[in-house]
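Dropping data.pdb in here (PDB, C-alpha atoms):
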```pdb
ATOM      1  CA  MET K   1      31.242 -28.465  27.328
ATOM      2  CA  ASN K   2      33.377 -25.976  25.397
ATOM      3  CA  LYS K   3      31.511 -26.906  22.219
ATOM      4  CA  LEU K   4      28.220 -26.335  24.046
ATOM      5  CA  ILE K   5      29.334 -22.878  25.159
ATOM      6  CA  VAL K   6      30.401 -21.944  21.640
ATOM      7  CA  LEU K   7      27.075 -23.187  20.291
ATOM      8  CA  MET K   8      25.034 -21.261  22.865
ATOM      9  CA  VAL K   9      27.028 -18.057  22.362
ATOM     10  CA  GLY K  10      26.675 -18.463  18.613
ATOM     11  CA  MET K  11      22.904 -18.892  18.891
ATOM     12  CA  PHE K  12      22.696 -15.829  21.123
ATOM     13  CA  VAL K  13      24.751 -13.667  18.786
ATOM     14  CA  PHE K  14      22.727 -14.891  15.794
ATOM     15  CA  GLY K  15      19.547 -13.927  17.606
ATOM     16  CA  VAL K  16      20.873 -10.431  18.293
ATOM     17  CA  VAL K  17      22.009  -9.925  14.711
ATOM     18  CA  GLY K  18      18.813 -11.401  13.322
ATOM     19  CA  SER K  19      16.676  -9.058  15.405
ATOM     20  CA  ALA K  20      18.129  -6.137  13.447
ATOM     21  CA  GLN K  21      16.402  -7.284  10.274
ATOM     22  CA  ALA K  22      13.121  -5.749   9.201
ATOM     23  CA  ILE K  23       9.948  -7.752   9.711
ATOM     24  CA  LEU K  24       6.677  -7.426   7.815
ATOM     25  CA  ILE K  25       3.840  -6.196  10.045
ATOM     26  CA  GLY K  26       0.151  -5.317   9.702
ATOM     27  CA  GLU K  27      -1.883  -2.317  10.817
ATOM     28  CA  THR K  28      -2.878  -3.874  14.168
ATOM     29  CA  ASP K  29       0.705  -4.278  15.412
ATOM     30  CA  SER K  30       1.279  -2.598  18.786
ATOM     31  CA  ILE K  31       4.177  -0.536  17.450
ATOM     32  CA  TRP K  32       1.684   1.777  15.720
ATOM     33  CA  LEU K  33       0.249   3.002  19.042
ATOM     34  CA  ASN K  34       2.551   6.050  18.910
ATOM     35  CA  SER K  35       2.522   6.455  15.143
ATOM     36  CA  GLU K  36       1.962   9.422  12.838
ATOM     37  CA  VAL K  37      -0.333   9.131   9.794
ATOM     38  CA  ILE K  38      -0.346  11.149   6.557
ATOM     39  CA  ASP K  39      -3.548  10.886   4.506
ATOM     40  CA  PHE K  40      -2.506  13.232   1.639
ATOM     41  CA  SER K  41      -5.730  15.224   1.975
ATOM     42  CA  GLU K  42      -3.758  18.490   1.881
ATOM     43  CA  PHE K  43      -2.954  17.786  -1.788
ATOM     44  CA  VAL K  44      -6.616  17.603  -2.828
ATOM     45  CA  PRO K  45      -7.863  18.764  -5.299
ATOM     46  CA  ASP K  46      -4.796  20.133  -7.104
ATOM     47  CA  GLY K  47      -2.263  17.361  -6.511
ATOM     48  CA  VAL K  48       1.327  17.030  -7.743
ATOM     49  CA  GLN K  49       2.322  15.154 -10.897
ATOM     50  CA  GLY K  50       5.487  14.310 -12.793
ATOM     51  CA  ALA K  51       8.699  12.302 -12.623
ATOM     52  CA  PHE K  52      11.222  13.115  -9.884
ATOM     53  CA  THR K  53       9.075  15.920  -8.497
ATOM     54  CA  GLU K  54      10.296  16.212  -4.920
ATOM     55  CA  THR K  55       7.390  17.340  -2.771
ATOM     56  CA  GLN K  56       7.392  18.249   0.905
ATOM     57  CA  ILE K  57       4.661  16.406   2.783
ATOM     58  CA  GLY K  58       3.452  18.467   5.713
ATOM     59  CA  THR K  59       2.461  16.882   9.016
ATOM     60  CA  PRO K  60       0.843  18.251  12.193
ATOM     61  CA  ASN K  61       4.064  17.781  14.178
ATOM     62  CA  GLY K  62       6.241  19.471  11.546
ATOM     63  CA  ASP K  63       8.209  16.438  10.333
ATOM     64  CA  ASN K  64      10.156  16.965   7.115
ATOM     65  CA  ILE K  65       9.125  14.223   4.676
ATOM     66  CA  VAL K  66       9.806  14.243   0.935
ATOM     67  CA  TRP K  67       7.818  12.288  -1.652
ATOM     68  CA  ASN K  68       9.349  11.445  -5.007
ATOM     69  CA  GLY K  69       8.042   9.475  -8.006
ATOM     70  CA  SER K  70      10.328   8.158 -10.742
ATOM     71  CA  ARG K  71       7.754   8.024 -13.572
ATOM     72  CA  PRO K  72       5.856  10.805 -15.404
ATOM     73  CA  TRP K  73       2.547   9.230 -14.318
ATOM     74  CA  SER K  74       3.385   9.542 -10.639
ATOM     75  CA  ASN K  75       0.755  11.470  -8.731
ATOM     76  CA  LEU K  76       0.341  12.813  -5.212
ATOM     77  CA  GLY K  77      -3.085  13.860  -4.034
ATOM     78  CA  TYR K  78      -6.172  13.807  -6.193
ATOM     79  CA  ASP K  79      -7.111  11.218  -8.818
ATOM     80  CA  VAL K  80     -10.596  10.682 -10.239
ATOM     81  CA  TRP K  81     -10.039   7.004 -11.106
ATOM     82  CA  THR K  82      -7.064   4.625 -10.970
ATOM     83  CA  GLY K  83      -7.702   1.163 -12.400
ATOM     84  CA  LEU K  84      -5.938  -1.711 -10.621
ATOM     85  CA  GLY K  85      -6.992  -4.698 -12.747
ATOM     86  CA  SER K  86      -8.609  -7.503 -10.761
ATOM     87  CA  ASN K  87      -7.644  -5.624  -7.580
ATOM     88  CA  GLY K  88     -10.395  -3.116  -8.378
ATOM     89  CA  ALA K  89      -9.804   0.643  -8.473
ATOM     90  CA  TRP K  90      -9.151   3.683  -6.296
ATOM     91  CA  ASN K  91     -11.058   6.905  -6.852
ATOM     92  CA  SER K  92     -11.395  10.438  -5.519
ATOM     93  CA  SER K  93     -13.352   9.317  -2.445
ATOM     94  CA  MET K  94     -10.035   8.133  -0.975
ATOM     95  CA  GLY K  95      -9.441  11.808  -0.205
ATOM     96  CA  GLY K  96      -5.923  11.816  -1.643
ATOM     97  CA  PHE K  97      -3.212   9.198  -2.090
ATOM     98  CA  ALA K  98       0.210   8.601  -3.646
ATOM     99  CA  LYS K  99       0.430   6.778  -6.980
ATOM    100  CA  LEU K 100       3.253   5.425  -9.137
ATOM    101  CA  GLY K 101       1.019   4.807 -12.150
ATOM    102  CA  ALA K 102       3.450   2.694 -14.191
ATOM    103  CA  ASN K 103       4.564  -0.933 -14.317
ATOM    104  CA  THR K 104       8.206   0.092 -13.780
ATOM    105  CA  GLY K 105       9.980   2.577 -11.565
ATOM    106  CA  TYR K 106       9.386   3.483  -7.925
ATOM    107  CA  MET K 107       8.209   6.111  -5.491
ATOM    108  CA  THR K 108       9.988   6.995  -2.267
ATOM    109  CA  PHE K 109       9.244   8.724   1.012
ATOM    110  CA  GLU K 110      12.331  10.261   2.620
ATOM    111  CA  PHE K 111      12.286  11.100   6.348
ATOM    112  CA  ASP K 112      14.481  13.582   8.190
ATOM    113  CA  LYS K 113      14.497  11.455  11.371
ATOM    114  CA  ALA K 114      15.302   7.798  11.934
ATOM    115  CA  LEU K 115      12.287   5.497  12.125
ATOM    116  CA  SER K 116      11.817   2.039  13.551
ATOM    117  CA  ALA K 117       8.687   1.273  11.510
ATOM    118  CA  VAL K 118       6.949   2.625   8.417
ATOM    119  CA  GLY K 119       4.128   1.435   6.138
ATOM    120  CA  GLY K 120       0.825   2.285   4.531
ATOM    121  CA  PHE K 121      -2.454   1.126   3.003
ATOM    122  CA  ILE K 122      -1.409  -0.283  -0.382
ATOM    123  CA  ASN K 123      -2.811  -1.726  -3.581
ATOM    124  CA  TYR K 124      -1.465  -2.220  -7.110
ATOM    125  CA  ASP K 125      -2.482  -3.126 -10.651
ATOM    126  CA  SER K 126      -2.759  -6.926 -10.706
ATOM    127  CA  ASN K 127      -1.597  -6.945 -14.352
ATOM    128  CA  TRP K 128       1.751  -5.368 -13.449
ATOM    129  CA  GLY K 129       3.159  -7.274 -10.465
ATOM    130  CA  PRO K 130       5.220  -8.053  -8.583
ATOM    131  CA  THR K 131       5.401  -5.063  -6.256
ATOM    132  CA  HIS K 132       7.939  -4.576  -3.459
ATOM    133  CA  ILE K 133       8.058  -2.625  -0.211
ATOM    134  CA  GLN K 134      11.573  -1.639   0.829
ATOM    135  CA  VAL K 135      13.326   0.361   3.549
ATOM    136  CA  ARG K 136      16.719   2.128   3.335
ATOM    137  CA  ASP K 137      19.123   3.781   5.744
ATOM    138  CA  ILE K 138      20.295   7.406   6.053
ATOM    139  CA  ASN K 139      22.676   6.970   3.095
ATOM    140  CA  ASN K 140      19.893   5.462   0.958
ATOM    141  CA  ASN K 141      21.486   2.019   1.269
ATOM    142  CA  PHE K 142      19.230  -1.031   1.065
ATOM    143  CA  LEU K 143      18.124  -2.528   4.401
ATOM    144  CA  GLU K 144      15.253  -4.916   3.698
ATOM    145  CA  GLN K 145      12.618  -5.738   1.085
ATOM    146  CA  TYR K 146       9.463  -7.832   0.857
ATOM    147  CA  VAL K 147       7.144  -8.773  -1.989
ATOM    148  CA  ILE K 148       3.615  -7.393  -1.624
ATOM    149  CA  ASN K 149       0.892  -9.934  -2.402
ATOM    150  CA  ILE K 150      -2.636  -8.578  -2.882
ATOM    151  CA  ASP K 151      -5.324 -10.656  -4.572
ATOM    152  CA  ILE K 152      -8.728  -9.015  -4.236
ATOM    153  CA  ASN K 153      -9.971 -10.816  -7.380
ATOM    154  CA  ASN K 154     -12.813  -8.364  -7.950
ATOM    155  CA  TYR K 155     -12.703  -5.930 -10.852
ATOM    156  CA  GLY K 156     -15.583  -3.981  -9.304
ATOM    157  CA  ALA K 157     -13.917  -3.440  -5.902
ATOM    158  CA  VAL K 158     -13.386   0.221  -4.999
ATOM    159  CA  ASN K 159     -10.782   1.644  -2.615
ATOM    160  CA  GLU K 160      -9.700  -1.717  -1.243
ATOM    161  CA  GLY K 161      -6.168  -2.758  -0.335
ATOM    162  CA  VAL K 162      -3.919  -4.184   2.382
ATOM    163  CA  PHE K 163      -1.838  -2.455   5.032
ATOM    164  CA  TYR K 164       1.854  -3.369   4.845
ATOM    165  CA  GLY K 165       4.605  -2.111   7.127
ATOM    166  CA  LEU K 166       8.236  -2.861   7.913
ATOM    167  CA  SER K 167       9.601  -2.752  11.447
ATOM    168  CA  ARG K 168      13.185  -2.907  12.700
ATOM    169  CA  SER K 169      14.569  -3.387  16.186
ATOM    170  CA  GLN K 170      16.489  -0.106  16.015
ATOM    171  CA  GLU K 171      15.721   3.300  14.570
ATOM    172  CA  ASP K 172      17.645   3.311  11.280
ATOM    173  CA  ILE K 173      14.951   3.660   8.595
ATOM    174  CA  TYR K 174      15.103   6.890   6.582
ATOM    175  CA  TYR K 175      13.494   5.814   3.287
ATOM    176  CA  LEU K 176      10.372   3.887   2.350
ATOM    177  CA  ARG K 177      10.405   2.749  -1.277
ATOM    178  CA  ILE K 178       7.575   1.099  -3.229
ATOM    179  CA  ASP K 179       8.298  -0.138  -6.745
ATOM    180  CA  ASN K 180       6.614  -1.547  -9.867
ATOM    181  CA  GLY K 181       3.056  -2.684 -10.387
ATOM    182  CA  GLY K 182       1.268   0.682 -10.723
ATOM    183  CA  VAL K 183       1.213   0.865  -6.945
ATOM    184  CA  VAL K 184      -0.969   3.233  -4.911
ATOM    185  CA  LEU K 185      -0.526   4.120  -1.216
ATOM    186  CA  ASP K 186      -2.651   5.947   1.342
ATOM    187  CA  ASP K 187      -2.316   6.595   5.084
ATOM    188  CA  LEU K 188       1.475   6.666   5.203
ATOM    189  CA  THR K 189       2.175   5.525   8.776
ATOM    190  CA  TYR K 190       5.442   5.779  10.705
ATOM    191  CA  THR K 191       6.835   5.735  14.227
ATOM    192  CA  TYR K 192      10.005   6.607  16.103
ATOM    193  CA  ALA K 193       9.198   4.213  18.966
ATOM    194  CA  ASP K 194      11.715   1.371  19.320
ATOM    195  CA  ALA K 195       9.985  -1.962  18.723
ATOM    196  CA  SER K 196      12.332  -4.393  20.480
ATOM    197  CA  PRO K 197      15.686  -2.898  21.511
ATOM    198  CA  VAL K 198      18.844  -4.779  20.621
ATOM    199  CA  PRO K 199      20.644  -5.912  23.809
ATOM    200  CA  GLU K 200      23.409  -3.558  24.876
ATOM    201  CA  PRO K 201      27.056  -4.706  24.870
ATOM    202  CA  CYS K 202      27.044  -4.995  28.663
ATOM    203  CA  THR K 203      24.097  -7.413  28.454
ATOM    204  CA  MET K 204      26.018  -9.591  26.017
ATOM    205  CA  LEU K 205      29.079  -9.477  28.272
ATOM    206  CA  LEU K 206      27.071 -10.602  31.294
ATOM    207  CA  PHE K 207      25.562 -13.431  29.274
ATOM    208  CA  GLY K 208      28.979 -14.608  28.131
ATOM    209  CA  THR K 209      30.385 -14.342  31.646
ATOM    210  CA  GLY K 210      27.546 -16.503  32.948
ATOM    211  CA  LEU K 211      28.320 -19.248  30.436
ATOM    212  CA  VAL K 212      31.996 -19.229  31.397
ATOM    213  CA  GLY K 213      30.972 -19.492  35.055
ATOM    214  CA  LEU K 214      28.822 -22.533  34.322
ATOM    215  CA  ALA K 215      31.720 -24.189  32.542
ATOM    216  CA  SER K 216      34.059 -23.587  35.500
ATOM    217  CA  MET K 217      31.503 -24.973  37.960
ATOM    218  CA  ARG K 218      31.087 -28.129  35.885
ATOM    219  CA  LYS K 219      34.848 -28.720  35.879
ATOM    220  CA  ARG K 220      35.027 -28.293  39.669
ATOM    221  CA  LEU K 221      32.187 -30.775  40.159
ATOM    222  CA  LYS K 222      33.972 -33.352  38.019
ATOM    223  CA  LYS K 223      37.113 -33.008  40.170
TER
END
```

When written as structure tokens, how does the structure in this file appear?
Amino acid sequence: MNKLIVLMVGMFVFGVVGSAQAILIGETDSIWLNSEVIDFSEFVPDGVQGAFTETQIGTPNGDNIVWNGSRPWSNLGYDVWTGLGSNGAWNSSMGGFAKLGANTGYMTFEFDKALSAVGGFINYDSNWGPTHIQVRDINNNFLEQYVINIDINNYGAVNEGVFYGLSRSQEDIYYLRIDNGGVVLDDLTYTYADASPVPEPCTMLLFGTGLVGLASMRKRLKK
């Protein structure tokens, strides 16, 4: 019985710890019901270009968000044509987007408040993969990363892509980072709403107490 208790407590604790990890989600996930969206239209037609050009991204609710690209070909706002290999191309009819524009490096979006989920509509140059989506904490420490897989397989496709987002069970995301692959991103989407709260310490204590009670009852029944 003691081994059973240890096993059950271990499974419970593992579930709590595991729930803190980021999960990959799509644009139809319910967590986006209270989300904010940035479409980069305010940077059209002038745009911002250059490596490590920190740019404030304005939002209707006044959030302080900073975009940064690590390569000279990084661009925020307007672009007449961005070729993406067999994944097609993005053009000016997107109404503004963020672009890395190189097969190495990264671009980041830094938030002034903790998020529980962040993502965007993404595509990349199929000749330059793989591409990664990553989230980091307030100290810019790595939290979680996933490989982005997009295979449109149509050189003539225009303004196509896939929505990718990362969600965590607590609000600890401060950075979204996309790297490699000549990646482009539109409709930056984020939310402060907690997706699935981690059980509080008192909940864990009650659970453990219940298991101990079951063990005591079993011993009394044996006697």

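Nearest-residue note for K:Asp125: choosing from K:Tyr175, K:Gly105, K:Thr82, K:Gly182, the minimum distance belongs to K:Gly182, counting all atoms listed in the file.
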
> Within 10 Å of K:Asn75, counting only C-alpha atoms, which residues qualify if same-chain residues fewer than 4 places away don't, as a PyMOL selection string?
Replying inline: chain K and resi 47-51+53+68-69+71+79+96-101+107+184

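For the pair atom CA of K:Thr189 and atom CA of K:Pro72, the interatomic distance is 25.0 Å.
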
> Expanded to explicit residues, what is the PyMOL selection byres ((chain K and resi 155-160) around 6) for this file, as number ranges by chain?
Replying inline: K: 86, 88-90, 154, 161

> What residues come out when you apply the PyMOL selection byres ((chain K and resi 62) around 12) to this file, written as an MDAnalysis selection string?
Replying inline: chainID K and resid 36 38 56:61 63:65 111:113

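Picture a line from atom CA of K:Phe43 to atom CA of K:Trp73; it runs 16.1 Å.
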
Run the PyMOL selection byres ((chain K and resi 114) around 7) mentally over the shown coordinates, then write out the matched residues as a PDB file with C-alpha atoms, in the frame of the given file, using the chain letters and numbers from the document.
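Written output follows (part-v5.pdb):
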```
ATOM      1  CA  ASP K 112      14.481  13.582   8.190  1.00  0.00           C
ATOM      2  CA  LYS K 113      14.497  11.455  11.371  1.00  0.00           C
ATOM      3  CA  LEU K 115      12.287   5.497  12.125  1.00  0.00           C
ATOM      4  CA  SER K 116      11.817   2.039  13.551  1.00  0.00           C
ATOM      5  CA  GLU K 171      15.721   3.300  14.570  1.00  0.00           C
ATOM      6  CA  ASP K 172      17.645   3.311  11.280  1.00  0.00           C
ATOM      7  CA  ILE K 173      14.951   3.660   8.595  1.00  0.00           C
ATOM      8  CA  TYR K 174      15.103   6.890   6.582  1.00  0.00           C
ATOM      9  CA  TYR K 192      10.005   6.607  16.103  1.00  0.00           C
TER      10      TYR K 192
END
```

Please define a box with edges along x, y and z of the file around all atoms of stretch 159-177 of chain K given in the file, extend it by 5 Å on each side, and return its centre and edge lengths in Å to one decimal, as AutoDock Vina command-line options.
```
--center_x 3.4 --center_y 1.4 --center_z 6.8 --size_x 38.4 --size_y 21.1 --size_z 28.8
```

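Minimum distance to K:Thr104 across K:Asn180, K:Asn153, K:Gln21, K:Gln170 (counting only C-alpha atoms) occurs at K:Asn180.
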
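The spacing separating atom CA of K:Gly85 from atom CA of K:Ile152 amounts to 9.7 Å.
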
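Of the residues listed (K:Met94, K:Val162, K:Val118, K:Val147), K:Val118 shows the shortest atom-to-atom separation from K:Leu188; distances use all atoms listed in the file.
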
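Among the candidates K:Asp187, K:Glu54, K:Asp179, K:Glu42, the one nearest to K:Gln134 when counting all atoms listed in the file is K:Asp179.
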
> Looking at K:Val66, K:Leu24, K:Val80, K:Val135, which one is nearest to K:Tyr164, with distances taken over only C-alpha atoms?
Replying inline: K:Leu24

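Each of K:Ser41, K:Asn141, K:Asn149, K:Thr108 was checked against K:Gly95 using only C-alpha atoms; the smallest atom-to-atom distance is that of K:Ser41.
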
Block slice stretch 65-182 of chain K, C-alpha atoms, emitted as an mmCIF file, in the first residue's frame:
```cif
data_model
loop_
_atom_site.group_PDB
_atom_site.id
_atom_site.type_symbol
_atom_site.label_atom_id
_atom_site.label_comp_id
_atom_site.auth_asym_id
_atom_site.auth_seq_id
_atom_site.Cartn_x
_atom_site.Cartn_y
_atom_site.Cartn_z
ATOM 1 C CA ILE K 65 5.828 45.499 -26.842
ATOM 2 C CA VAL K 66 9.258 45.645 -28.475
ATOM 3 C CA TRP K 67 10.170 43.999 -31.781
ATOM 4 C CA ASN K 68 13.777 43.195 -32.590
ATOM 5 C CA GLY K 69 15.419 41.495 -35.589
ATOM 6 C CA SER K 70 18.962 40.124 -35.475
ATOM 7 C CA ARG K 71 19.746 40.351 -39.215
ATOM 8 C CA PRO K 72 20.146 43.373 -41.540
ATOM 9 C CA TRP K 73 17.311 42.036 -43.727
ATOM 10 C CA SER K 74 14.825 42.092 -40.872
ATOM 11 C CA ASN K 75 11.757 44.142 -41.688
ATOM 12 C CA LEU K 76 8.677 45.340 -39.833
ATOM 13 C CA GLY K 77 5.725 46.617 -41.802
ATOM 14 C CA TYR K 78 5.665 46.937 -45.556
ATOM 15 C CA ASP K 79 7.215 44.571 -48.101
ATOM 16 C CA VAL K 80 6.318 44.406 -51.791
ATOM 17 C CA TRP K 81 7.310 40.742 -52.212
ATOM 18 C CA THR K 82 8.919 38.113 -49.969
ATOM 19 C CA GLY K 83 9.668 34.793 -51.660
ATOM 20 C CA LEU K 84 9.232 31.694 -49.483
ATOM 21 C CA GLY K 85 10.306 28.917 -51.868
ATOM 22 C CA SER K 86 7.720 26.167 -52.288
ATOM 23 C CA ASN K 87 5.728 27.796 -49.467
ATOM 24 C CA GLY K 88 4.787 30.568 -51.902
ATOM 25 C CA ALA K 89 5.249 34.262 -51.111
ATOM 26 C CA TRP K 90 3.899 37.123 -49.014
ATOM 27 C CA ASN K 91 3.265 40.520 -50.558
ATOM 28 C CA SER K 92 2.024 43.998 -49.702
ATOM 29 C CA SER K 93 -1.626 42.899 -49.594
ATOM 30 C CA MET K 94 -0.884 41.363 -46.180
ATOM 31 C CA GLY K 95 -1.123 44.931 -44.889
ATOM 32 C CA GLY K 96 2.105 44.708 -42.894
ATOM 33 C CA PHE K 97 4.029 41.892 -41.229
ATOM 34 C CA ALA K 98 7.288 41.082 -39.439
ATOM 35 C CA LYS K 99 10.100 39.414 -41.389
ATOM 36 C CA LEU K 100 13.488 37.933 -40.507
ATOM 37 C CA GLY K 101 14.613 37.658 -44.128
ATOM 38 C CA ALA K 102 17.670 35.448 -43.570
ATOM 39 C CA ASN K 103 18.389 31.749 -43.103
ATOM 40 C CA THR K 104 20.099 32.430 -39.754
ATOM 41 C CA GLY K 105 19.368 34.641 -36.786
ATOM 42 C CA TYR K 106 16.081 35.413 -35.049
ATOM 43 C CA MET K 107 13.446 38.009 -34.317
ATOM 44 C CA THR K 108 11.885 38.576 -30.914
ATOM 45 C CA PHE K 109 8.810 40.198 -29.428
ATOM 46 C CA GLU K 110 9.332 41.383 -25.850
ATOM 47 C CA PHE K 111 6.294 42.037 -23.626
ATOM 48 C CA ASP K 112 6.113 44.227 -20.537
ATOM 49 C CA LYS K 113 3.523 41.952 -18.876
ATOM 50 C CA ALA K 114 3.502 38.215 -18.259
ATOM 51 C CA LEU K 115 1.557 36.176 -20.803
ATOM 52 C CA SER K 116 0.090 32.704 -20.690
ATOM 53 C CA ALA K 117 -0.098 32.312 -24.480
ATOM 54 C CA VAL K 118 1.403 33.959 -27.553
ATOM 55 C CA GLY K 119 1.584 33.130 -31.274
ATOM 56 C CA GLY K 120 0.959 34.339 -34.790
ATOM 57 C CA PHE K 121 0.264 33.543 -38.439
ATOM 58 C CA ILE K 122 3.604 32.219 -39.713
ATOM 59 C CA ASN K 123 5.360 31.062 -42.853
ATOM 60 C CA TYR K 124 9.003 30.629 -43.879
ATOM 61 C CA ASP K 125 11.267 29.990 -46.855
ATOM 62 C CA SER K 126 11.110 26.236 -47.485
ATOM 63 C CA ASN K 127 14.744 26.298 -48.680
ATOM 64 C CA TRP K 128 15.992 27.535 -45.300
ATOM 65 C CA GLY K 129 14.379 25.369 -42.611
ATOM 66 C CA PRO K 130 14.054 24.324 -39.927
ATOM 67 C CA THR K 131 12.306 27.169 -38.128
ATOM 68 C CA HIS K 132 11.532 27.297 -34.401
ATOM 69 C CA ILE K 133 8.990 29.068 -32.216
ATOM 70 C CA GLN K 134 10.218 29.695 -28.679
ATOM 71 C CA VAL K 135 9.062 31.400 -25.481
ATOM 72 C CA ARG K 136 11.241 32.878 -22.699
ATOM 73 C CA ASP K 137 10.715 34.197 -19.192
ATOM 74 C CA ILE K 138 11.188 37.689 -17.709
ATOM 75 C CA ASN K 139 14.976 37.196 -17.562
ATOM 76 C CA ASN K 140 15.061 36.041 -21.201
ATOM 77 C CA ASN K 141 15.708 32.463 -20.075
ATOM 78 C CA PHE K 142 14.520 29.631 -22.312
ATOM 79 C CA LEU K 143 11.154 28.071 -21.403
ATOM 80 C CA GLU K 144 10.016 25.977 -24.362
ATOM 81 C CA GLN K 145 10.581 25.514 -28.092
ATOM 82 C CA TYR K 146 8.895 23.713 -30.974
ATOM 83 C CA VAL K 147 9.832 23.116 -34.597
ATOM 84 C CA ILE K 148 7.482 24.774 -37.091
ATOM 85 C CA ASN K 149 6.491 22.518 -39.990
ATOM 86 C CA ILE K 150 4.826 24.194 -42.980
ATOM 87 C CA ASP K 151 4.599 22.440 -46.337
ATOM 88 C CA ILE K 152 2.348 24.349 -48.722
ATOM 89 C CA ASN K 153 4.149 22.819 -51.738
ATOM 90 C CA ASN K 154 2.970 25.531 -54.118
ATOM 91 C CA TYR K 155 5.410 28.087 -55.485
ATOM 92 C CA GLY K 156 2.488 30.197 -56.709
ATOM 93 C CA ALA K 157 0.714 30.425 -53.326
ATOM 94 C CA VAL K 158 0.331 33.977 -52.009
ATOM 95 C CA ASN K 159 -0.060 35.052 -48.379
ATOM 96 C CA GLU K 160 -0.572 31.546 -47.038
ATOM 97 C CA GLY K 161 0.752 30.163 -43.764
ATOM 98 C CA VAL K 162 -0.146 28.416 -40.505
ATOM 99 C CA PHE K 163 -1.056 29.826 -37.111
ATOM 100 C CA TYR K 164 1.250 28.609 -34.336
ATOM 101 C CA GLY K 165 1.026 29.511 -30.663
ATOM 102 C CA LEU K 166 2.510 28.415 -27.352
ATOM 103 C CA SER K 167 0.447 28.231 -24.177
ATOM 104 C CA ARG K 168 1.531 27.707 -20.573
ATOM 105 C CA SER K 169 -0.487 26.938 -17.469
ATOM 106 C CA GLN K 170 0.810 30.046 -15.698
ATOM 107 C CA GLU K 171 1.566 33.573 -16.825
ATOM 108 C CA ASP K 172 5.359 33.582 -17.196
ATOM 109 C CA ILE K 173 5.959 34.293 -20.900
ATOM 110 C CA TYR K 174 7.712 37.594 -21.634
ATOM 111 C CA TYR K 175 9.428 36.825 -24.961
ATOM 112 C CA LEU K 176 8.338 35.222 -28.214
ATOM 113 C CA ARG K 177 11.284 34.266 -30.419
ATOM 114 C CA ILE K 178 11.190 32.964 -34.001
ATOM 115 C CA ASP K 179 14.450 31.845 -35.594
ATOM 116 C CA ASN K 180 15.978 30.742 -38.913
ATOM 117 C CA GLY K 181 14.303 29.942 -42.196
ATOM 118 C CA GLY K 182 13.561 33.462 -43.500
#
```
